[in-house]
>>> print(open('my_file36.cif').read())   # mmCIF, C-alpha atoms, pLDDT in the B column; chains and numbers go by the auth columns
data_model
loop_
_atom_site.group_PDB
_atom_site.id
_atom_site.type_symbol
_atom_site.label_atom_id
_atom_site.label_comp_id
_atom_site.label_asym_id
_atom_site.label_seq_id
_atom_site.Cartn_x
_atom_site.Cartn_y
_atom_site.Cartn_z
_atom_site.B_iso_or_equiv
_atom_site.auth_seq_id
_atom_site.auth_asym_id
ATOM 1 C CA MET A 1 -95.740 18.150 -34.403 44.00 74 O
ATOM 2 C CA SER A 2 -96.894 20.954 -32.132 47.00 75 O
ATOM 3 C CA ASP A 3 -94.886 22.381 -29.278 50.00 76 O
ATOM 4 C CA SER A 4 -96.426 20.840 -26.121 63.00 77 O
ATOM 5 C CA SER A 5 -94.847 23.570 -23.963 83.00 78 O
ATOM 6 C CA ARG A 6 -97.110 26.264 -25.452 88.00 79 O
ATOM 7 C CA THR A 7 -99.167 28.379 -23.090 89.00 80 O
ATOM 8 C CA ALA A 8 -102.386 30.380 -23.301 86.00 81 O
ATOM 9 C CA ASP A 9 -100.256 33.505 -23.747 87.00 82 O
ATOM 10 C CA ASP A 10 -98.542 31.873 -26.742 89.00 83 O
ATOM 11 C CA ALA A 11 -101.937 30.998 -28.184 87.00 84 O
ATOM 12 C CA ARG A 12 -103.288 34.508 -27.654 85.00 85 O
ATOM 13 C CA ALA A 13 -100.198 35.972 -29.325 86.00 86 O
ATOM 14 C CA ALA A 14 -100.739 33.704 -32.336 86.00 87 O
ATOM 15 C CA PHE A 15 -104.355 34.827 -32.696 81.00 88 O
ATOM 16 C CA GLN A 16 -103.298 38.460 -32.534 83.00 89 O
ATOM 17 C CA SER A 17 -100.307 38.173 -34.864 82.00 90 O
ATOM 18 C CA CYS A 18 -102.159 38.192 -38.177 74.00 91 O
ATOM 19 C CA LYS A 19 -103.764 41.596 -38.641 70.00 92 O
ATOM 20 C CA SER A 20 -103.944 41.560 -42.440 75.00 93 O
ATOM 21 C CA ARG A 21 -107.294 41.019 -44.139 74.00 94 O
ATOM 22 C CA ASP A 22 -105.665 40.159 -47.457 77.00 95 O
ATOM 23 C CA PRO A 23 -106.635 36.565 -48.402 76.00 96 O
ATOM 24 C CA LYS A 24 -103.101 35.664 -49.489 79.00 97 O
ATOM 25 C CA ASP A 25 -101.701 36.865 -46.158 81.00 98 O
ATOM 26 C CA GLN A 26 -104.342 34.834 -44.356 85.00 99 O
ATOM 27 C CA VAL A 27 -103.349 31.696 -46.256 87.00 100 O
ATOM 28 C CA GLN A 28 -99.673 32.165 -45.414 88.00 101 O
ATOM 29 C CA PHE A 29 -100.577 32.746 -41.781 87.00 102 O
ATOM 30 C CA TYR A 30 -102.608 29.540 -41.530 90.00 103 O
ATOM 31 C CA ASP A 31 -99.947 27.565 -43.383 91.00 104 O
ATOM 32 C CA SER A 32 -97.439 28.602 -40.717 90.00 105 O
ATOM 33 C CA TRP A 33 -99.913 28.089 -37.859 92.00 106 O
ATOM 34 C CA ALA A 34 -101.154 24.650 -38.946 92.00 107 O
ATOM 35 C CA GLU A 35 -99.025 22.560 -36.584 91.00 108 O
ATOM 36 C CA ASN A 36 -100.007 24.572 -33.501 91.00 109 O
ATOM 37 C CA TYR A 37 -103.552 25.440 -34.571 91.00 110 O
ATOM 38 C CA GLU A 38 -105.456 22.845 -32.551 91.00 111 O
ATOM 39 C CA GLU A 39 -103.292 23.174 -29.459 92.00 112 O
ATOM 40 C CA ASP A 40 -103.655 26.951 -29.459 91.00 113 O
ATOM 41 C CA HIS A 41 -107.418 26.721 -29.888 92.00 114 O
ATOM 42 C CA THR A 42 -107.633 24.186 -27.079 90.00 115 O
ATOM 43 C CA LEU A 43 -105.670 26.536 -24.837 91.00 116 O
ATOM 44 C CA MET A 44 -108.296 29.197 -25.629 90.00 117 O
ATOM 45 C CA SER A 45 -111.155 26.845 -24.671 90.00 118 O
ATOM 46 C CA TYR A 46 -112.442 26.676 -28.245 93.00 119 O
ATOM 47 C CA ARG A 47 -115.661 24.661 -28.095 94.00 120 O
ATOM 48 C CA ALA A 48 -117.158 25.378 -31.511 95.00 121 O
ATOM 49 C CA PRO A 49 -116.520 21.996 -33.216 96.00 122 O
ATOM 50 C CA ASP A 50 -118.156 20.026 -30.393 96.00 123 O
ATOM 51 C CA LEU A 51 -121.012 22.510 -29.991 97.00 124 O
ATOM 52 C CA ALA A 52 -121.790 22.608 -33.712 98.00 125 O
ATOM 53 C CA VAL A 53 -121.545 18.860 -34.296 98.00 126 O
ATOM 54 C CA ASN A 54 -123.676 17.989 -31.271 97.00 127 O
ATOM 55 C CA PHE A 55 -126.280 20.559 -32.322 98.00 128 O
ATOM 56 C CA LEU A 56 -126.315 19.140 -35.849 98.00 129 O
ATOM 57 C CA SER A 57 -126.531 15.556 -34.610 97.00 130 O
ATOM 58 C CA ASP A 58 -129.524 16.383 -32.416 97.00 131 O
ATOM 59 C CA HIS A 59 -131.440 17.395 -35.554 97.00 132 O
ATOM 60 C CA PHE A 60 -130.130 14.773 -37.991 97.00 133 O
ATOM 61 C CA SER A 61 -132.647 12.007 -38.609 94.00 134 O
ATOM 62 C CA GLY A 62 -130.857 9.872 -41.186 93.00 135 O
ATOM 63 C CA ASN A 63 -128.215 7.172 -40.880 97.00 136 O
ATOM 64 C CA PRO A 64 -124.941 9.017 -40.188 98.00 137 O
ATOM 65 C CA GLU A 65 -122.847 6.228 -41.720 97.00 138 O
ATOM 66 C CA ASP A 66 -124.484 6.847 -45.093 98.00 139 O
ATOM 67 C CA ALA A 67 -124.426 10.645 -44.943 98.00 140 O
ATOM 68 C CA LEU A 68 -122.043 12.487 -47.250 98.00 141 O
ATOM 69 C CA VAL A 69 -120.583 15.471 -45.375 98.00 142 O
ATOM 70 C CA LEU A 70 -118.990 18.570 -46.885 98.00 143 O
ATOM 71 C CA ASP A 71 -116.679 20.097 -44.276 98.00 144 O
ATOM 72 C CA VAL A 72 -116.026 23.672 -45.438 98.00 145 O
ATOM 73 C CA ALA A 73 -113.036 25.517 -43.964 97.00 146 O
ATOM 74 C CA CYS A 74 -112.146 22.105 -42.557 98.00 147 O
ATOM 75 C CA GLY A 75 -108.781 23.222 -41.200 95.00 148 O
ATOM 76 C CA SER A 76 -106.960 20.419 -39.428 96.00 149 O
ATOM 77 C CA GLY A 77 -109.903 18.010 -39.527 97.00 150 O
ATOM 78 C CA TRP A 78 -111.173 18.766 -36.030 97.00 151 O
ATOM 79 C CA VAL A 79 -114.855 18.753 -37.024 98.00 152 O
ATOM 80 C CA ALA A 80 -114.569 15.435 -38.855 98.00 153 O
ATOM 81 C CA ARG A 81 -112.941 13.805 -35.818 97.00 154 O
ATOM 82 C CA VAL A 82 -115.856 14.929 -33.656 98.00 155 O
ATOM 83 C CA MET A 83 -118.407 13.731 -36.229 98.00 156 O
ATOM 84 C CA VAL A 84 -116.805 10.294 -36.476 98.00 157 O
ATOM 85 C CA LYS A 85 -117.546 9.766 -32.781 97.00 158 O
ATOM 86 C CA LEU A 86 -121.247 10.189 -33.627 97.00 159 O
ATOM 87 C CA GLY A 87 -121.184 7.701 -36.485 97.00 160 O
ATOM 88 C CA PHE A 88 -120.457 9.876 -39.545 98.00 161 O
ATOM 89 C CA ARG A 89 -117.991 8.293 -41.957 98.00 162 O
ATOM 90 C CA LEU A 90 -117.988 10.043 -45.356 98.00 163 O
ATOM 91 C CA PHE A 91 -116.209 13.408 -45.611 98.00 164 O
ATOM 92 C CA VAL A 92 -115.060 15.840 -48.261 98.00 165 O
ATOM 93 C CA GLY A 93 -113.005 18.726 -46.888 98.00 166 O
ATOM 94 C CA VAL A 94 -112.313 22.165 -48.341 98.00 167 O
ATOM 95 C CA ASP A 95 -109.824 24.737 -47.051 97.00 168 O
ATOM 96 C CA GLY A 96 -107.759 27.622 -48.381 95.00 169 O
ATOM 97 C CA SER A 97 -104.571 26.599 -46.566 96.00 170 O
ATOM 98 C CA LYS A 98 -102.393 23.815 -47.911 96.00 171 O
ATOM 99 C CA GLY A 99 -100.751 23.443 -44.502 96.00 172 O
ATOM 100 C CA MET A 100 -104.113 22.914 -42.816 96.00 173 O
ATOM 101 C CA LEU A 101 -105.170 20.392 -45.459 98.00 174 O
ATOM 102 C CA GLU A 102 -101.973 18.457 -44.797 97.00 175 O
ATOM 103 C CA GLN A 103 -103.008 18.235 -41.153 96.00 176 O
ATOM 104 C CA ALA A 104 -106.507 17.130 -42.173 97.00 177 O
ATOM 105 C CA ALA A 105 -105.064 14.449 -44.463 98.00 178 O
ATOM 106 C CA GLN A 106 -103.208 12.948 -41.516 97.00 179 O
ATOM 107 C CA THR A 107 -106.529 12.133 -39.830 97.00 180 O
ATOM 108 C CA GLY A 108 -107.280 9.607 -42.576 98.00 181 O
ATOM 109 C CA LEU A 109 -110.963 10.532 -42.372 98.00 182 O
ATOM 110 C CA TYR A 110 -111.519 12.349 -45.653 98.00 183 O
ATOM 111 C CA GLN A 111 -112.387 10.678 -48.944 98.00 184 O
ATOM 112 C CA ASP A 112 -111.310 13.882 -50.687 98.00 185 O
ATOM 113 C CA LEU A 113 -109.657 17.188 -49.748 98.00 186 O
ATOM 114 C CA LYS A 114 -109.829 20.265 -51.950 98.00 187 O
ATOM 115 C CA LEU A 115 -107.760 23.463 -51.845 98.00 188 O
ATOM 116 C CA ALA A 116 -109.845 26.597 -52.472 96.00 189 O
ATOM 117 C CA LEU A 117 -109.816 30.138 -51.133 94.00 190 O
ATOM 118 C CA LEU A 118 -113.458 30.914 -50.472 94.00 191 O
ATOM 119 C CA GLY A 119 -114.630 34.134 -52.038 91.00 192 O
ATOM 120 C CA PRO A 120 -111.894 34.644 -54.644 91.00 193 O
ATOM 121 C CA GLU A 121 -112.511 31.050 -55.766 95.00 194 O
ATOM 122 C CA PRO A 122 -115.814 29.169 -56.018 97.00 195 O
ATOM 123 C CA LEU A 123 -116.613 26.414 -53.562 98.00 196 O
ATOM 124 C CA PRO A 124 -115.368 23.243 -55.311 98.00 197 O
ATOM 125 C CA ALA A 125 -118.465 21.155 -54.666 98.00 198 O
ATOM 126 C CA PRO A 126 -121.110 19.803 -57.050 97.00 199 O
ATOM 127 C CA PRO A 127 -124.654 21.064 -56.487 97.00 200 O
ATOM 128 C CA ASP A 128 -127.381 19.069 -54.726 97.00 201 O
ATOM 129 C CA THR A 129 -124.890 16.447 -53.494 98.00 202 O
ATOM 130 C CA PHE A 130 -124.288 16.518 -49.740 98.00 203 O
ATOM 131 C CA ASP A 131 -126.543 15.329 -46.931 98.00 204 O
ATOM 132 C CA VAL A 132 -124.734 17.660 -44.544 98.00 205 O
ATOM 133 C CA VAL A 133 -122.752 20.828 -45.183 98.00 206 O
ATOM 134 C CA ILE A 134 -120.951 22.176 -42.135 98.00 207 O
ATOM 135 C CA MET A 135 -118.781 25.248 -41.666 98.00 208 O
ATOM 136 C CA VAL A 136 -117.298 25.968 -38.246 98.00 209 O
ATOM 137 C CA GLY A 137 -115.450 29.265 -38.075 92.00 210 O
ATOM 138 C CA ALA A 138 -114.272 31.366 -41.057 92.00 211 O
ATOM 139 C CA LEU A 139 -117.571 33.286 -41.274 95.00 212 O
ATOM 140 C CA ASP A 140 -116.083 36.633 -40.359 92.00 213 O
ATOM 141 C CA ASP A 141 -114.596 39.777 -41.812 88.00 214 O
ATOM 142 C CA GLY A 142 -111.400 39.065 -43.710 84.00 215 O
ATOM 143 C CA PHE A 143 -112.178 35.372 -44.099 89.00 216 O
ATOM 144 C CA ALA A 144 -115.094 33.887 -46.065 93.00 217 O
ATOM 145 C CA PRO A 145 -117.439 36.515 -47.521 95.00 218 O
ATOM 146 C CA VAL A 146 -121.136 36.407 -46.674 97.00 219 O
ATOM 147 C CA SER A 147 -121.880 35.284 -50.238 96.00 220 O
ATOM 148 C CA VAL A 148 -120.385 31.864 -49.404 97.00 221 O
ATOM 149 C CA VAL A 149 -123.572 30.820 -47.590 98.00 222 O
ATOM 150 C CA ARG A 150 -125.395 30.534 -50.926 98.00 223 O
ATOM 151 C CA GLU A 151 -122.666 28.190 -52.123 98.00 224 O
ATOM 152 C CA LEU A 152 -123.114 26.075 -48.999 98.00 225 O
ATOM 153 C CA CYS A 153 -126.832 25.823 -49.707 98.00 226 O
ATOM 154 C CA ASN A 154 -126.126 25.009 -53.347 97.00 227 O
ATOM 155 C CA ALA A 155 -123.916 22.053 -52.380 98.00 228 O
ATOM 156 C CA ALA A 156 -126.521 20.482 -50.078 98.00 229 O
ATOM 157 C CA LYS A 157 -129.047 17.957 -51.314 97.00 230 O
ATOM 158 C CA PRO A 158 -132.674 19.058 -51.305 97.00 231 O
ATOM 159 C CA GLY A 159 -133.710 18.344 -47.728 97.00 232 O
ATOM 160 C CA GLY A 160 -130.077 18.345 -46.585 98.00 233 O
ATOM 161 C CA LEU A 161 -128.812 20.231 -43.536 98.00 234 O
ATOM 162 C CA VAL A 162 -126.478 23.237 -43.550 98.00 235 O
ATOM 163 C CA CYS A 163 -124.812 23.992 -40.197 98.00 236 O
ATOM 164 C CA MET A 164 -122.718 27.121 -39.620 98.00 237 O
ATOM 165 C CA ALA A 165 -120.973 28.276 -36.441 98.00 238 O
ATOM 166 C CA ARG A 166 -119.303 31.615 -35.790 97.00 239 O
ATOM 167 C CA GLY A 167 -118.022 33.540 -32.796 94.00 240 O
ATOM 168 C CA ASP A 168 -119.045 37.085 -31.915 93.00 241 O
ATOM 169 C CA HIS A 169 -115.617 38.705 -31.967 87.00 242 O
ATOM 170 C CA ARG A 170 -115.604 42.216 -30.598 80.00 243 O
ATOM 171 C CA ALA A 171 -114.186 44.092 -33.603 80.00 244 O
ATOM 172 C CA THR A 172 -116.607 46.536 -35.199 80.00 245 O
ATOM 173 C CA SER A 173 -116.098 44.848 -38.563 88.00 246 O
ATOM 174 C CA SER A 174 -117.173 41.530 -37.012 90.00 247 O
ATOM 175 C CA HIS A 175 -120.421 43.089 -35.770 93.00 248 O
ATOM 176 C CA ARG A 176 -121.108 44.454 -39.266 95.00 249 O
ATOM 177 C CA TYR A 177 -120.358 41.048 -40.768 96.00 250 O
ATOM 178 C CA LYS A 178 -122.857 39.376 -38.424 96.00 251 O
ATOM 179 C CA LYS A 179 -125.598 41.812 -39.449 97.00 252 O
ATOM 180 C CA ASP A 180 -124.862 41.249 -43.142 98.00 253 O
ATOM 181 C CA LEU A 181 -124.741 37.477 -42.634 98.00 254 O
ATOM 182 C CA GLU A 182 -128.045 37.289 -40.804 97.00 255 O
ATOM 183 C CA ARG A 183 -129.661 39.536 -43.424 98.00 256 O
ATOM 184 C CA GLU A 184 -128.471 37.152 -46.152 98.00 257 O
ATOM 185 C CA LEU A 185 -129.683 34.095 -44.228 98.00 258 O
ATOM 186 C CA GLN A 186 -133.104 35.706 -43.878 98.00 259 O
ATOM 187 C CA LEU A 187 -133.252 36.675 -47.557 98.00 260 O
ATOM 188 C CA MET A 188 -132.442 33.103 -48.565 98.00 261 O
ATOM 189 C CA GLU A 189 -135.237 31.857 -46.335 97.00 262 O
ATOM 190 C CA GLU A 190 -137.683 34.377 -47.822 97.00 263 O
ATOM 191 C CA ASP A 191 -136.621 33.252 -51.307 96.00 264 O
ATOM 192 C CA GLY A 192 -137.528 29.664 -50.410 97.00 265 O
ATOM 193 C CA LEU A 193 -133.996 28.329 -50.712 97.00 266 O
ATOM 194 C CA TRP A 194 -134.035 26.827 -47.232 98.00 267 O
ATOM 195 C CA SER A 195 -135.919 26.886 -43.946 98.00 268 O
ATOM 196 C CA LEU A 196 -134.558 27.638 -40.513 98.00 269 O
ATOM 197 C CA VAL A 197 -134.329 24.630 -38.222 98.00 270 O
ATOM 198 C CA ARG A 198 -132.951 26.511 -35.241 98.00 271 O
ATOM 199 C CA VAL A 199 -130.352 29.009 -34.081 98.00 272 O
ATOM 200 C CA GLN A 200 -128.474 28.212 -30.890 97.00 273 O
ATOM 201 C CA HIS A 201 -126.835 31.052 -28.973 97.00 274 O
ATOM 202 C CA VAL A 202 -123.679 29.995 -27.131 95.00 275 O
ATOM 203 C CA HIS A 203 -122.463 31.938 -24.110 91.00 276 O
ATOM 204 C CA ARG A 204 -118.982 30.408 -23.971 93.00 277 O
ATOM 205 C CA TYR A 205 -117.907 29.961 -27.569 94.00 278 O
ATOM 206 C CA MET A 206 -114.229 30.411 -26.692 93.00 279 O
ATOM 207 C CA GLU A 207 -111.994 32.629 -24.593 92.00 280 O
ATOM 208 C CA ASP A 208 -111.553 36.047 -26.164 90.00 281 O
ATOM 209 C CA PRO A 209 -108.264 35.692 -28.069 85.00 282 O
ATOM 210 C CA HIS A 210 -107.908 39.439 -28.540 80.00 283 O
ATOM 211 C CA VAL A 211 -108.023 40.516 -24.913 71.00 284 O
ATOM 212 C CA THR A 212 -104.976 42.559 -23.917 60.00 285 O
ATOM 213 C CA GLN A 213 -102.624 41.539 -21.137 58.00 286 O
ATOM 214 C CA GLU A 214 -103.884 44.447 -19.048 58.00 287 O
ATOM 215 C CA GLU A 215 -107.514 43.414 -19.540 57.00 288 O
ATOM 216 C CA GLN A 216 -106.649 39.812 -18.727 57.00 289 O
ATOM 217 C CA GLU A 217 -104.971 40.773 -15.449 57.00 290 O
ATOM 218 C CA GLU A 218 -107.898 43.026 -14.516 62.00 291 O
ATOM 219 C CA GLN A 219 -110.396 40.227 -15.177 54.00 292 O
ATOM 220 C CA GLU A 220 -108.363 37.800 -13.081 56.00 293 O
ATOM 221 C CA GLU A 221 -108.197 40.263 -10.203 53.00 294 O
ATOM 222 C CA GLN A 222 -111.941 40.871 -10.321 53.00 295 O
ATOM 223 C CA GLU A 223 -112.705 37.198 -11.043 55.00 296 O
ATOM 224 C CA GLU A 224 -114.931 38.219 -13.944 56.00 297 O
ATOM 225 C CA GLN A 225 -114.751 34.854 -15.651 55.00 298 O
ATOM 226 C CA GLU A 226 -117.602 35.446 -18.113 53.00 299 O
ATOM 227 C CA GLU A 227 -115.806 38.439 -19.610 67.00 300 O
ATOM 228 C CA ARG A 228 -112.988 36.134 -20.677 84.00 301 O
ATOM 229 C CA TYR A 229 -115.286 34.494 -23.219 91.00 302 O
ATOM 230 C CA ILE A 230 -116.926 35.567 -26.436 92.00 303 O
ATOM 231 C CA THR A 231 -120.411 34.411 -27.355 94.00 304 O
ATOM 232 C CA GLY A 232 -121.353 32.732 -30.606 96.00 305 O
ATOM 233 C CA ASN A 233 -124.168 31.346 -32.709 97.00 306 O
ATOM 234 C CA ILE A 234 -124.821 28.058 -34.448 98.00 307 O
ATOM 235 C CA TYR A 235 -127.190 28.320 -37.405 98.00 308 O
ATOM 236 C CA LEU A 236 -128.950 25.250 -38.785 98.00 309 O
ATOM 237 C CA TYR A 237 -130.965 25.297 -42.013 98.00 310 O
ATOM 238 C CA ARG A 238 -132.676 22.650 -44.133 98.00 311 O
ATOM 239 C CA LYS A 239 -132.441 23.097 -47.899 98.00 312 O
ATOM 240 C CA SER A 240 -135.775 23.333 -49.628 97.00 313 O
ATOM 241 C CA SER A 241 -136.767 20.407 -51.802 90.00 314 O
ATOM 242 C CA ARG A 242 -137.509 22.896 -54.595 74.00 315 O
ATOM 243 C CA ALA A 243 -134.472 25.151 -54.063 59.00 316 O
ATOM 244 C CA ALA A 244 -132.574 26.325 -57.117 55.00 317 O
ATOM 245 C CA VAL A 245 -129.519 28.377 -56.175 54.00 318 O
ATOM 246 C CA HIS A 246 -127.183 27.339 -58.972 53.00 319 O
ATOM 247 C CA SER A 247 -125.249 30.162 -60.572 47.00 320 O
#
>>> encode(input="my_file36.cif", output="structure tokens")
Amino acid sequence: MSDSSRTADDARAAFQSCKSRDPKDQVQFYDSWAENYEEDHTLMSYRAPDLAVNFLSDHFSGNPEDALVLDVACGSGWVARVMVKLGFRLFVGVDGSKGMLEQAAQTGLYQDLKLALLGPEPLPAPPDTFDVVIMVGALDDGFAPVSVVRELCNAAKPGGLVCMARGDHRATSSHRYKKDLERELQLMEEDGLWSLVRVQHVHRYMEDPHVTQEEQEEQEEQEEQEERYITGNIYLYRKSSRAAVHS
């Protein structure tokens, strides 16, 4: 159970505490953070699960109760809990952290949960299977490599939707990752693997978790509320009915 006395400063410190980009270090970090993960993200005004799910739902034309959803980098099950409110019922979750999967299992929402470290390990999902593939977060430097997006497309049914959300963190490596990601998304579209439904730009994706104490105090003094937040993007694609991305 999380510590209900945690503050925004505690949350910010947690975000800043893992500086390693080694996948094994990342897994250990998330295992230890699992119990406080959702509370810390809430303290940082993390809106990505709601924003992504609502955006997806606005463009989903099928019966949500019958839709099979692959929740990639599912973490604690936050996305599935939001989707259930909109009628979705069938979930398979994938995450690299055993501790996070234990939290997700406690929701009772997933028909299956799979442990896999994206990049070093293939996405454990059969091809052409899921009506919806969703990935909120984890698309950044040191987490899931850009190549994962082809695996997401591979897992979707022909005509299925692939929804991805990521924040524009201010590190130079994050900016490079975004450029590489959007280049790959465009190449996949040009190759006929999927078609773009829409990209939604979000002004308040979450509070910047990497702002320093000095910057925070300066923003509060100047009441520059917008500078407290990072922006983000939600990408929505529809897999081509003739797509063939299997390796």
>>> residues_around(input="my_file36.cif", residues="Gly160 (chain O)", least_positions_apart="3", cutoff="9 Å", atoms="all atoms listed in the file", output="VMD selection string")
chain O and resid 136 to 138 156 to 157
>>> resolve_selection(input="my_file36.cif", expression="the PyMOL selection byres ((chain O and resi 201) around 9)", output="mmCIF file with C-alpha atoms, keeping the file's coordinate frame")
data_model
loop_
_atom_site.group_PDB
_atom_site.id
_atom_site.type_symbol
_atom_site.label_atom_id
_atom_site.label_comp_id
_atom_site.auth_asym_id
_atom_site.auth_seq_id
_atom_site.Cartn_x
_atom_site.Cartn_y
_atom_site.Cartn_z
ATOM 1 C CA PRO O 199 -121.110 19.803 -57.050
ATOM 2 C CA PRO O 200 -124.654 21.064 -56.487
ATOM 3 C CA THR O 202 -124.890 16.447 -53.494
ATOM 4 C CA PHE O 203 -124.288 16.518 -49.740
ATOM 5 C CA ASP O 204 -126.543 15.329 -46.931
ATOM 6 C CA CYS O 226 -126.832 25.823 -49.707
ATOM 7 C CA ASN O 227 -126.126 25.009 -53.347
ATOM 8 C CA ALA O 228 -123.916 22.053 -52.380
ATOM 9 C CA ALA O 229 -126.521 20.482 -50.078
ATOM 10 C CA LYS O 230 -129.047 17.957 -51.314
ATOM 11 C CA PRO O 231 -132.674 19.058 -51.305
ATOM 12 C CA GLY O 233 -130.077 18.345 -46.585
#
>>> residues_around(input="my_file36.cif", residues="Pro218 (chain O)", least_positions_apart="2", cutoff="12 Å", atoms="all atoms listed in the file", output="ChimeraX atom specification")
/O:94,96,190-196,211-216,220-225,247,250-251,253-254,257
>>> write_last_selection(input="my_file36.cif", atoms="C-alpha atoms", output="short mmCIF file (atom, residue, chain, number, x, y, z; two decimals), in the coordinates of the input")
data_model
loop_
_atom_site.label_atom_id
_atom_site.label_comp_id
_atom_site.auth_asym_id
_atom_site.auth_seq_id
_atom_site.Cartn_x
_atom_site.Cartn_y
_atom_site.Cartn_z
CA ARG O 94 -107.29 41.02 -44.14
CA PRO O 96 -106.64 36.56 -48.40
CA LEU O 190 -109.82 30.14 -51.13
CA LEU O 191 -113.46 30.91 -50.47
CA GLY O 192 -114.63 34.13 -52.04
CA PRO O 193 -111.89 34.64 -54.64
CA GLU O 194 -112.51 31.05 -55.77
CA PRO O 195 -115.81 29.17 -56.02
CA LEU O 196 -116.61 26.41 -53.56
CA ALA O 211 -114.27 31.37 -41.06
CA LEU O 212 -117.57 33.29 -41.27
CA ASP O 213 -116.08 36.63 -40.36
CA ASP O 214 -114.60 39.78 -41.81
CA GLY O 215 -111.40 39.06 -43.71
CA PHE O 216 -112.18 35.37 -44.10
CA SER O 220 -121.88 35.28 -50.24
CA VAL O 221 -120.38 31.86 -49.40
CA VAL O 222 -123.57 30.82 -47.59
CA ARG O 223 -125.40 30.53 -50.93
CA GLU O 224 -122.67 28.19 -52.12
CA LEU O 225 -123.11 26.08 -49.00
CA SER O 247 -117.17 41.53 -37.01
CA TYR O 250 -120.36 41.05 -40.77
CA LYS O 251 -122.86 39.38 -38.42
CA ASP O 253 -124.86 41.25 -43.14
CA LEU O 254 -124.74 37.48 -42.63
CA GLU O 257 -128.47 37.15 -46.15
#
>>> residues_around(input="my_file36.cif", residues="Leu182 (chain O)", least_positions_apart="2", cutoff="8 Å", atoms="only C-alpha atoms", output="NGL selection string")
:O and (153-154 or 162-164 or 177-178 or 180 or 184)
>>> resolve_selection(input="my_file36.cif", expression="the PyMOL selection byres ((chain O and resi 144) around 9)", output="ChimeraX atom specification")
/O:142-143,145-147,150,152-153,164-168,205-209
>>> closest_residue(input="my_file36.cif", among="O:Glu112, O:Asp139, O:Asp95, O:Glu262", to="Phe161 (chain O)", atoms="only C-alpha atoms")
O:Asp139
>>> atom_distance(input="my_file36.cif", atom1="CA of Asn306 (chain O)", atom2="CA of Ala238 (chain O)")
5.8 Å
>>> closest_residue(input="my_file36.cif", among="O:Thr245, O:Gln179, O:Ser314, O:Ser170", to="Gly265 (chain O)", atoms="all atoms listed in the file")
O:Ser314
>>> atom_distance(input="my_file36.cif", atom1="CA of Gly172 (chain O)", atom2="CA of Asp185 (chain O)")
15.5 Å
>>> atom_distance(input="my_file36.cif", atom1="CA of Leu234 (chain O)", atom2="CA of Gly148 (chain O)")
20.4 Å
>>> resolve_selection(input="my_file36.cif", expression="the PyMOL selection byres ((chain O and resi 87) around 12)", output="list in words")
Arg79, Thr80, Ala81, Asp82, Asp83, Ala84, Arg85, Ala86, Phe88, Gln89, Ser90, Cys91, Lys92, Phe102, Tyr103, Ser105, Trp106, Ala107, Asn109, Tyr110, Glu111, Glu112, Asp113, His114, Leu116, Met117, Pro282 and His283 of chain O
>>> axis_aligned_box(input="my_file36.cif", around="region 134-152 of chain O", padding_each_side="5 Å", output="AutoDock Vina command-line options")
--center_x -119.8 --center_y 15.9 --center_z -41.6 --size_x 35.7 --size_y 29.3 --size_z 21.2
>>> closest_residue(input="my_file36.cif", among="O:Lys97, O:Ala140, O:Met279, O:Lys187", to="Pro122 (chain O)", atoms="only C-alpha atoms")
O:Met279
>>> residues_near_point(input="my_file36.cif", point="(-119.6, 32.9, -31.2)", cutoff="7 Å", atoms="all atoms listed in the file", output="PyMOL selection string")
chain O and resi 239-241+275+278+303-306
>>> closest_residue(input="my_file36.cif", among="O:Leu266, O:Ala244, O:Leu124, O:Leu174", to="Glu108 (chain O)", atoms="only C-alpha atoms")
O:Leu174
>>> residues_around(input="my_file36.cif", residues="Tyr310 (chain O)", least_positions_apart="2", cutoff="8 Å", atoms="all atoms listed in the file", output="short mmCIF file (atom, residue, chain, number, x, y, z; two decimals) with C-alpha atoms, in the coordinates of the input")
data_model
loop_
_atom_site.label_atom_id
_atom_site.label_comp_id
_atom_site.auth_asym_id
_atom_site.auth_seq_id
_atom_site.Cartn_x
_atom_site.Cartn_y
_atom_site.Cartn_z
CA LEU O 234 -128.81 20.23 -43.54
CA VAL O 235 -126.48 23.24 -43.55
CA CYS O 236 -124.81 23.99 -40.20
CA TRP O 267 -134.04 26.83 -47.23
CA SER O 268 -135.92 26.89 -43.95
CA LEU O 269 -134.56 27.64 -40.51
CA VAL O 270 -134.33 24.63 -38.22
CA ARG O 271 -132.95 26.51 -35.24
CA TYR O 308 -127.19 28.32 -37.40
CA LYS O 312 -132.44 23.10 -47.90
#
>>> closest_residue(input="my_file36.cif", among="O:Asn127, O:Ser118, O:Ser78, O:Ser93", to="Gln273 (chain O)", atoms="only C-alpha atoms")
O:Asn127
>>> closest_residue(input="my_file36.cif", among="O:Ala125, O:Leu188, O:Ile307, O:Ala217", to="Glu175 (chain O)", atoms="all atoms listed in the file")
O:Leu188
